[in-house]
Amino acid sequence: MKLNSIIFVTVTSITSGYVMPIIRKNTNSFQNDLHRRAHNNNNNVGSSLCAFPKGFDRRKFLMDGTIAISSIVALTEEVAYADESVRSSSSLEDIPITHKVFFDVRISRPDGTFYIKDDEDSTNPDDLVFRGRLTFGLFGTVAPQCVQNFLKYVSVIIDPLDENPMPSYGRSTIPSLDEGTGLISFGNIPGLDISSINGATGIRYRQRILSAPLWIESRDKQDDNSNINHIEKGLLTHRNLDLSPQFYITTYADSRELDSTHTVFGRVLSDEEGESFEFFDRCSRLPRYSLDRPKTIQNTVSNNQSITEKVAADIFQKQKNFFREAAKAAGDTRIDSIYEGKFLRRVDVTQVGQL
């Protein structure tokens, strides 16, 4: 929320000893008014301001006044921003949780296996299989449409003998972590595609064609003050114009740049065993695919070496783009499964349900 505050400026003329309090709601109109009145004074035109003494430096006077006003405005905005953060943070605790959902997750070994070994070779805990449970609390009163769409993929009963099942988060993967936004991607259901069918957009899953409603709240919900800012770790969020069941969980304490494009509909609930914290900590340390050329670390680099590194990086980038485009032209769809931030381990969801 922006504060419509009134800036009170006191301009003091030391020579005349005259104090003029001026109240303005708009900084620009005040500055323009100050310029106009100063100009009129120099032309001996009467005004409500005191006459400037001989030798008065108008430029310095206006510059100092502008700097003072800018400082007050900046301080006011900073206080408003901090106040908004405190109120938004405290309001998250006040939002009622209408549903509780669990996700059983696992992280594979470096070789992609999950089976139980009698004797593990590695002593590094990051190389061992992780199994845990994440518990989500959903905000059904604040984001009812998102929660309704989310629960459709939770309430599916999985039958191993069903040859044409409904899509479910119980068969989903956790594919990536975006370092730029700090979002971990959830809800990637293999075999599910968003397709255009007879001029309409729908979900194609195996032999089924399903409707694809938007994960976006009604105008009444968007216009009120119930929208939640991305100001905490562990918030469940969905991209507004995305029809897929893919959602994300924040790992940064402040991702406010997502407020205009994503909707928060829940949060990760803490557990006594600490499995949630361990899972996200393990995900942050998992090796991920990068589209950037690996860089060599050197203590000292000469100018010639810097130029060589830059040329080599440019060549690498052009070669990479050439071969990627050639693969796409040849119909190799495997290139679509390679993207920035993709985990180089298998991270799966094995079971979901409501609590």
# chains A, B, ... in the order shown; residues from 1 in each chain; ligands from 1
$ residues_around --residues "Arg285 of chain A" --least-positions-apart "3" --cutoff "10 Å" --atoms "only C-alpha atoms" --output "list in words"
Asp126, Phe280, Asp281, Arg282, Arg288 and Phe343 of chain A
$ select_by_dssp --residues "segment 102-201 of chain A" --states "strand (DSSP E)" --output "JSON, numbers by chain"
{"A": [102, 103, 104, 105, 106, 107, 130, 131, 132, 133, 134, 135, 136, 137, 138, 177, 178, 183, 184, 185, 186, 192, 193, 194, 195, 196, 197, 200, 201]}
$ residues_around --residues "segment 211-219 of chain A" --least-positions-apart "6" --cutoff "10 Å" --atoms "only C-alpha atoms" --output "PDB file with N, CA, C and O atoms, in the first residue's frame"
ATOM      1  N   VAL A 142      -8.588 -16.969   0.326  1.00  0.00           N
ATOM      2  CA  VAL A 142      -7.902 -15.899  -0.401  1.00  0.00           C
ATOM      3  C   VAL A 142      -7.770 -16.238  -1.876  1.00  0.00           C
ATOM      4  O   VAL A 142      -7.931 -15.374  -2.744  1.00  0.00           O
ATOM      5  N   ALA A 143      -7.464 -17.489  -2.188  1.00  0.00           N
ATOM      6  CA  ALA A 143      -7.264 -17.919  -3.583  1.00  0.00           C
ATOM      7  C   ALA A 143      -8.090 -19.178  -3.853  1.00  0.00           C
ATOM      8  O   ALA A 143      -7.536 -20.260  -4.068  1.00  0.00           O
ATOM      9  N   PRO A 144      -9.404 -19.070  -3.836  1.00  0.00           N
ATOM     10  CA  PRO A 144     -10.247 -20.269  -3.981  1.00  0.00           C
ATOM     11  C   PRO A 144     -10.103 -20.980  -5.318  1.00  0.00           C
ATOM     12  O   PRO A 144     -10.154 -22.219  -5.377  1.00  0.00           O
ATOM     13  N   GLN A 145      -9.917 -20.218  -6.413  1.00  0.00           N
ATOM     14  CA  GLN A 145      -9.796 -20.851  -7.720  1.00  0.00           C
ATOM     15  C   GLN A 145      -8.511 -21.662  -7.821  1.00  0.00           C
ATOM     16  O   GLN A 145      -8.504 -22.788  -8.327  1.00  0.00           O
ATOM     17  N   CYS A 146      -7.403 -21.109  -7.330  1.00  0.00           N
ATOM     18  CA  CYS A 146      -6.136 -21.838  -7.347  1.00  0.00           C
ATOM     19  C   CYS A 146      -6.216 -23.093  -6.485  1.00  0.00           C
ATOM     20  O   CYS A 146      -5.740 -24.165  -6.882  1.00  0.00           O
ATOM     21  N   VAL A 147      -6.809 -22.966  -5.306  1.00  0.00           N
ATOM     22  CA  VAL A 147      -6.925 -24.119  -4.409  1.00  0.00           C
ATOM     23  C   VAL A 147      -7.809 -25.194  -5.027  1.00  0.00           C
ATOM     24  O   VAL A 147      -7.506 -26.389  -4.946  1.00  0.00           O
ATOM     25  N   GLN A 148      -8.899 -24.789  -5.661  1.00  0.00           N
ATOM     26  CA  GLN A 148      -9.792 -25.762  -6.301  1.00  0.00           C
ATOM     27  C   GLN A 148      -9.076 -26.520  -7.408  1.00  0.00           C
ATOM     28  O   GLN A 148      -9.182 -27.749  -7.505  1.00  0.00           O
ATOM     29  N   ASN A 149      -8.325 -25.805  -8.260  1.00  0.00           N
ATOM     30  CA  ASN A 149      -7.583 -26.474  -9.335  1.00  0.00           C
ATOM     31  C   ASN A 149      -6.488 -27.370  -8.761  1.00  0.00           C
ATOM     32  O   ASN A 149      -6.228 -28.454  -9.285  1.00  0.00           O
ATOM     33  N   PHE A 150      -5.834 -26.915  -7.706  1.00  0.00           N
ATOM     34  CA  PHE A 150      -4.762 -27.691  -7.081  1.00  0.00           C
ATOM     35  C   PHE A 150      -5.295 -29.007  -6.525  1.00  0.00           C
ATOM     36  O   PHE A 150      -4.696 -30.070  -6.717  1.00  0.00           O
ATOM     37  N   ILE A 194      -0.314 -29.282 -22.762  1.00  0.00           N
ATOM     38  CA  ILE A 194      -1.341 -28.283 -23.063  1.00  0.00           C
ATOM     39  C   ILE A 194      -1.451 -28.197 -24.578  1.00  0.00           C
ATOM     40  O   ILE A 194      -0.486 -27.829 -25.255  1.00  0.00           O
ATOM     41  N   SER A 195      -2.606 -28.531 -25.116  1.00  0.00           N
ATOM     42  CA  SER A 195      -2.769 -28.612 -26.568  1.00  0.00           C
ATOM     43  C   SER A 195      -3.962 -27.782 -27.020  1.00  0.00           C
ATOM     44  O   SER A 195      -4.891 -27.516 -26.244  1.00  0.00           O
ATOM     45  N   ALA A 200      -9.845 -24.717 -29.243  1.00  0.00           N
ATOM     46  CA  ALA A 200      -9.844 -24.441 -27.801  1.00  0.00           C
ATOM     47  C   ALA A 200      -8.610 -25.072 -27.177  1.00  0.00           C
ATOM     48  O   ALA A 200      -8.026 -26.009 -27.716  1.00  0.00           O
ATOM     49  N   THR A 201      -8.229 -24.548 -26.033  1.00  0.00           N
ATOM     50  CA  THR A 201      -7.055 -25.056 -25.328  1.00  0.00           C
ATOM     51  C   THR A 201      -7.486 -26.046 -24.254  1.00  0.00           C
ATOM     52  O   THR A 201      -8.402 -25.768 -23.471  1.00  0.00           O
ATOM     53  N   GLY A 202      -6.850 -27.192 -24.250  1.00  0.00           N
ATOM     54  CA  GLY A 202      -7.191 -28.225 -23.279  1.00  0.00           C
ATOM     55  C   GLY A 202      -5.953 -28.978 -22.833  1.00  0.00           C
ATOM     56  O   GLY A 202      -4.834 -28.733 -23.294  1.00  0.00           O
ATOM     57  N   ILE A 203      -6.156 -29.897 -21.912  1.00  0.00           N
ATOM     58  CA  ILE A 203      -5.084 -30.727 -21.377  1.00  0.00           C
ATOM     59  C   ILE A 203      -5.183 -32.118 -21.990  1.00  0.00           C
ATOM     60  O   ILE A 203      -6.241 -32.757 -21.922  1.00  0.00           O
ATOM     61  N   ARG A 204      -4.106 -32.563 -22.582  1.00  0.00           N
ATOM     62  CA  ARG A 204      -4.055 -33.911 -23.142  1.00  0.00           C
ATOM     63  C   ARG A 204      -3.166 -34.768 -22.238  1.00  0.00           C
ATOM     64  O   ARG A 204      -1.996 -34.454 -22.016  1.00  0.00           O
ATOM     65  N   ASN A 227      -4.746 -10.066  -1.880  1.00  0.00           N
ATOM     66  CA  ASN A 227      -3.631 -10.662  -2.603  1.00  0.00           C
ATOM     67  C   ASN A 227      -2.397 -10.694  -1.709  1.00  0.00           C
ATOM     68  O   ASN A 227      -2.073  -9.720  -1.036  1.00  0.00           O
ATOM     69  N   HIS A 238       1.471 -19.942  -8.168  1.00  0.00           N
ATOM     70  CA  HIS A 238       1.202 -20.434  -9.523  1.00  0.00           C
ATOM     71  C   HIS A 238       1.203 -19.269 -10.489  1.00  0.00           C
ATOM     72  O   HIS A 238       0.721 -18.181 -10.180  1.00  0.00           O
ATOM     73  N   ARG A 239       1.759 -19.489 -11.679  1.00  0.00           N
ATOM     74  CA  ARG A 239       1.777 -18.445 -12.703  1.00  0.00           C
ATOM     75  C   ARG A 239       0.363 -18.215 -13.204  1.00  0.00           C
ATOM     76  O   ARG A 239      -0.356 -19.148 -13.556  1.00  0.00           O
ATOM     77  N   ASN A 240      -0.053 -16.963 -13.268  1.00  0.00           N
ATOM     78  CA  ASN A 240      -1.456 -16.628 -13.516  1.00  0.00           C
ATOM     79  C   ASN A 240      -1.987 -17.164 -14.837  1.00  0.00           C
ATOM     80  O   ASN A 240      -3.092 -17.677 -14.904  1.00  0.00           O
ATOM     81  N   LEU A 241      -1.227 -17.027 -15.902  1.00  0.00           N
ATOM     82  CA  LEU A 241      -1.729 -17.399 -17.228  1.00  0.00           C
ATOM     83  C   LEU A 241      -1.319 -18.802 -17.639  1.00  0.00           C
ATOM     84  O   LEU A 241      -1.469 -19.172 -18.811  1.00  0.00           O
ATOM     85  N   ASP A 242      -0.831 -19.592 -16.713  1.00  0.00           N
ATOM     86  CA  ASP A 242      -0.407 -20.959 -17.005  1.00  0.00           C
ATOM     87  C   ASP A 242      -1.576 -21.906 -16.749  1.00  0.00           C
ATOM     88  O   ASP A 242      -2.177 -21.891 -15.663  1.00  0.00           O
ATOM     89  N   LEU A 243      -1.906 -22.719 -17.740  1.00  0.00           N
ATOM     90  CA  LEU A 243      -3.024 -23.666 -17.610  1.00  0.00           C
ATOM     91  C   LEU A 243      -2.595 -25.001 -17.007  1.00  0.00           C
ATOM     92  O   LEU A 243      -3.448 -25.803 -16.629  1.00  0.00           O
ATOM     93  N   SER A 244      -1.314 -25.232 -16.924  1.00  0.00           N
ATOM     94  CA  SER A 244      -0.816 -26.526 -16.452  1.00  0.00           C
ATOM     95  C   SER A 244      -0.890 -26.607 -14.930  1.00  0.00           C
ATOM     96  O   SER A 244      -1.003 -25.586 -14.241  1.00  0.00           O
ATOM     97  N   PRO A 245      -0.801 -27.827 -14.377  1.00  0.00           N
ATOM     98  CA  PRO A 245      -0.815 -27.986 -12.908  1.00  0.00           C
ATOM     99  C   PRO A 245       0.515 -27.665 -12.245  1.00  0.00           C
ATOM    100  O   PRO A 245       0.650 -27.837 -11.037  1.00  0.00           O
ATOM    101  N   HIS A 262       2.240 -13.935 -10.533  1.00  0.00           N
ATOM    102  CA  HIS A 262       1.934 -15.170  -9.820  1.00  0.00           C
ATOM    103  C   HIS A 262       0.928 -14.902  -8.699  1.00  0.00           C
ATOM    104  O   HIS A 262       0.798 -13.773  -8.227  1.00  0.00           O
ATOM    105  N   THR A 263       0.247 -15.966  -8.280  1.00  0.00           N
ATOM    106  CA  THR A 263      -0.706 -15.885  -7.186  1.00  0.00           C
ATOM    107  C   THR A 263      -0.319 -16.885  -6.100  1.00  0.00           C
ATOM    108  O   THR A 263      -0.144 -18.069  -6.377  1.00  0.00           O
TER     109      THR A 263
END
$ residues_around --residues "Ile249 of chain A" --least-positions-apart "2" --cutoff "7 Å" --atoms "only C-alpha atoms" --output "ChimeraX atom specification"
/A:183-185,234-237,251
$ write_last_selection --atoms "N, CA and C atoms" --output "compact mmCIF listing (two decimals), in the first residue's frame"
# COMPACT_ATOMS: atom_id res chain seq x y z
N LEU A 183 12.65 -20.04 -7.30
CA LEU A 183 11.47 -20.90 -7.32
C LEU A 183 11.85 -22.34 -7.61
N ILE A 184 11.37 -23.27 -6.77
CA ILE A 184 11.48 -24.70 -7.06
C ILE A 184 10.20 -25.12 -7.76
N SER A 185 10.36 -25.80 -8.88
CA SER A 185 9.21 -26.19 -9.70
C SER A 185 8.64 -27.52 -9.21
N GLY A 234 8.98 -20.64 1.29
CA GLY A 234 7.99 -21.69 1.48
C GLY A 234 6.58 -21.35 1.08
N LEU A 235 6.38 -20.35 0.20
CA LEU A 235 5.04 -20.02 -0.28
C LEU A 235 4.73 -20.79 -1.55
N LEU A 236 3.52 -21.33 -1.65
CA LEU A 236 3.07 -22.00 -2.86
C LEU A 236 2.49 -20.95 -3.80
N THR A 237 2.94 -20.94 -5.04
CA THR A 237 2.51 -19.93 -6.00
C THR A 237 2.33 -20.54 -7.37
N THR A 251 11.94 -19.95 -2.38
CA THR A 251 13.07 -20.24 -1.50
C THR A 251 13.79 -18.97 -1.07
$ residues_around --residues "segment 187-191 of chain A" --least-positions-apart "5" --cutoff "10 Å" --atoms "only C-alpha atoms" --output "MDAnalysis selection string"
chainID A and resid 150 153 167:176 204:206 244:248 348:349
$ atom_distance --atom1 "atom CA of Arg267 of chain A" --atom2 "atom CA of Val154 of chain A"
15.8 Å
$ closest_residue --among "A:Thr135, A:Ser260, A:Thr113, A:Thr98" --to "Gly274 of chain A" --atoms "only C-alpha atoms"
A:Thr135
$ residues_around --residues "Leu151 of chain A" --least-positions-apart "5" --cutoff "9 Å" --atoms "only C-alpha atoms" --output "ChimeraX atom specification"
/A:101,146,156,354
$ write_last_selection --atoms "C-alpha atoms" --output "short mmCIF file (atom, residue, chain, number, x, y, z; two decimals), in the first residue's frame"
data_model
loop_
_atom_site.label_atom_id
_atom_site.label_comp_id
_atom_site.auth_asym_id
_atom_site.auth_seq_id
_atom_site.Cartn_x
_atom_site.Cartn_y
_atom_site.Cartn_z
CA VAL A 101 -2.14 -31.61 1.88
CA CYS A 146 -6.14 -21.84 -7.35
CA VAL A 156 -7.11 -38.56 -7.69
CA GLN A 354 -5.36 -34.56 2.07
#
$ residues_around --residues "segment 136-138 of chain A" --least-positions-apart "2" --cutoff "6 Å" --atoms "only C-alpha atoms" --output "list in words"
Ile97, Thr98, His99, Lys100, Val101, Gly140, Phe265, Gly266, Arg267, Val268 and Leu269 of chain A
$ write_last_selection --atoms "all heavy atoms" --output "JSON list (two decimals), in the first residue's frame"
[["chain", "number", "residue", "atom", "x", "y", "z"],
["A", 97, "ILE", "N", -6.10, -21.44, 7.12],
["A", 97, "ILE", "CA", -5.74, -22.58, 6.28],
["A", 97, "ILE", "C", -6.97, -23.46, 6.15],
["A", 97, "ILE", "O", -7.47, -24.01, 7.14],
["A", 97, "ILE", "CB", -4.56, -23.36, 6.88],
["A", 97, "ILE", "CG1", -3.30, -22.50, 6.84],
["A", 97, "ILE", "CG2", -4.34, -24.68, 6.15],
["A", 97, "ILE", "CD1", -2.09, -23.13, 7.48],
["A", 98, "THR", "N", -7.48, -23.57, 4.94],
["A", 98, "THR", "CA", -8.73, -24.31, 4.71],
["A", 98, "THR", "C", -8.49, -25.79, 4.40],
["A", 98, "THR", "O", -9.38, -26.61, 4.61],
["A", 98, "THR", "CB", -9.50, -23.68, 3.54],
["A", 98, "THR", "OG1", -8.65, -23.66, 2.37],
["A", 98, "THR", "CG2", -9.89, -22.25, 3.88],
["A", 99, "HIS", "N", -7.32, -26.12, 3.87],
["A", 99, "HIS", "CA", -6.99, -27.51, 3.54],
["A", 99, "HIS", "C", -5.53, -27.78, 3.88],
["A", 99, "HIS", "O", -4.69, -26.88, 3.77],
["A", 99, "HIS", "CB", -7.22, -27.81, 2.05],
["A", 99, "HIS", "CG", -8.58, -27.47, 1.55],
["A", 99, "HIS", "ND1", -8.96, -26.17, 1.24],
["A", 99, "HIS", "CD2", -9.67, -28.25, 1.29],
["A", 99, "HIS", "CE1", -10.21, -26.17, 0.81],
["A", 99, "HIS", "NE2", -10.67, -27.41, 0.84],
["A", 100, "LYS", "N", -5.25, -29.02, 4.26],
["A", 100, "LYS", "CA", -3.88, -29.47, 4.47],
["A", 100, "LYS", "C", -3.62, -30.66, 3.56],
["A", 100, "LYS", "O", -4.42, -31.59, 3.49],
["A", 100, "LYS", "CB", -3.64, -29.86, 5.93],
["A", 100, "LYS", "CG", -3.59, -28.68, 6.88],
["A", 100, "LYS", "CD", -3.21, -29.12, 8.29],
["A", 100, "LYS", "CE", -3.13, -27.92, 9.23],
["A", 100, "LYS", "NZ", -2.74, -28.33, 10.61],
["A", 101, "VAL", "N", -2.48, -30.60, 2.87],
["A", 101, "VAL", "CA", -2.14, -31.61, 1.88],
["A", 101, "VAL", "C", -0.72, -32.07, 2.15],
["A", 101, "VAL", "O", 0.14, -31.27, 2.55],
["A", 101, "VAL", "CB", -2.25, -31.02, 0.45],
["A", 101, "VAL", "CG1", -1.75, -32.01, -0.59],
["A", 101, "VAL", "CG2", -3.68, -30.61, 0.15],
["A", 140, "GLY", "N", -7.75, -21.28, 1.03],
["A", 140, "GLY", "CA", -8.96, -21.39, 0.23],
["A", 140, "GLY", "C", -9.84, -20.16, 0.24],
["A", 140, "GLY", "O", -10.64, -19.96, -0.68],
["A", 265, "PHE", "N", -1.15, -19.24, -3.07],
["A", 265, "PHE", "CA", -2.36, -19.93, -2.63],
["A", 265, "PHE", "C", -2.11, -20.87, -1.45],
["A", 265, "PHE", "O", -3.00, -21.64, -1.06],
["A", 265, "PHE", "CB", -2.98, -20.72, -3.80],
["A", 265, "PHE", "CG", -2.13, -21.82, -4.34],
["A", 265, "PHE", "CD1", -2.26, -23.13, -3.87],
["A", 265, "PHE", "CD2", -1.20, -21.57, -5.34],
["A", 265, "PHE", "CE1", -1.48, -24.15, -4.38],
["A", 265, "PHE", "CE2", -0.42, -22.59, -5.85],
["A", 265, "PHE", "CZ", -0.56, -23.88, -5.37],
["A", 266, "GLY", "N", -0.92, -20.83, -0.87],
["A", 266, "GLY", "CA", -0.64, -21.70, 0.27],
["A", 266, "GLY", "C", 0.79, -21.52, 0.74],
["A", 266, "GLY", "O", 1.55, -20.71, 0.21],
["A", 267, "ARG", "N", 1.17, -22.30, 1.75],
["A", 267, "ARG", "CA", 2.53, -22.26, 2.26],
["A", 267, "ARG", "C", 2.92, -23.61, 2.83],
["A", 267, "ARG", "O", 2.06, -24.45, 3.15],
["A", 267, "ARG", "CB", 2.69, -21.17, 3.32],
["A", 267, "ARG", "CG", 1.85, -21.35, 4.57],
["A", 267, "ARG", "CD", 1.99, -20.14, 5.47],
["A", 267, "ARG", "NE", 1.13, -20.19, 6.64],
["A", 267, "ARG", "CZ", 1.51, -20.68, 7.82],
["A", 267, "ARG", "NH1", 2.73, -21.19, 7.97],
["A", 267, "ARG", "NH2", 0.68, -20.68, 8.85],
["A", 268, "VAL", "N", 4.23, -23.83, 2.94],
["A", 268, "VAL", "CA", 4.75, -25.05, 3.52],
["A", 268, "VAL", "C", 4.64, -24.94, 5.04],
["A", 268, "VAL", "O", 5.05, -23.95, 5.64],
["A", 268, "VAL", "CB", 6.22, -25.28, 3.11],
["A", 268, "VAL", "CG1", 6.75, -26.56, 3.74],
["A", 268, "VAL", "CG2", 6.33, -25.35, 1.59],
["A", 269, "LEU", "N", 4.08, -25.98, 5.67],
["A", 269, "LEU", "CA", 3.94, -25.99, 7.11],
["A", 269, "LEU", "C", 5.15, -26.66, 7.74],
["A", 269, "LEU", "O", 5.68, -27.64, 7.21],
["A", 269, "LEU", "CB", 2.65, -26.73, 7.51],
["A", 269, "LEU", "CG", 1.34, -26.16, 6.93],
["A", 269, "LEU", "CD1", 0.15, -26.99, 7.39],
["A", 269, "LEU", "CD2", 1.15, -24.70, 7.34]]
$ closest_residue --among "A:Leu355, A:Ile307, A:Leu258, A:Val105" --to "Ser276 of chain A" --atoms "only C-alpha atoms"
A:Val105
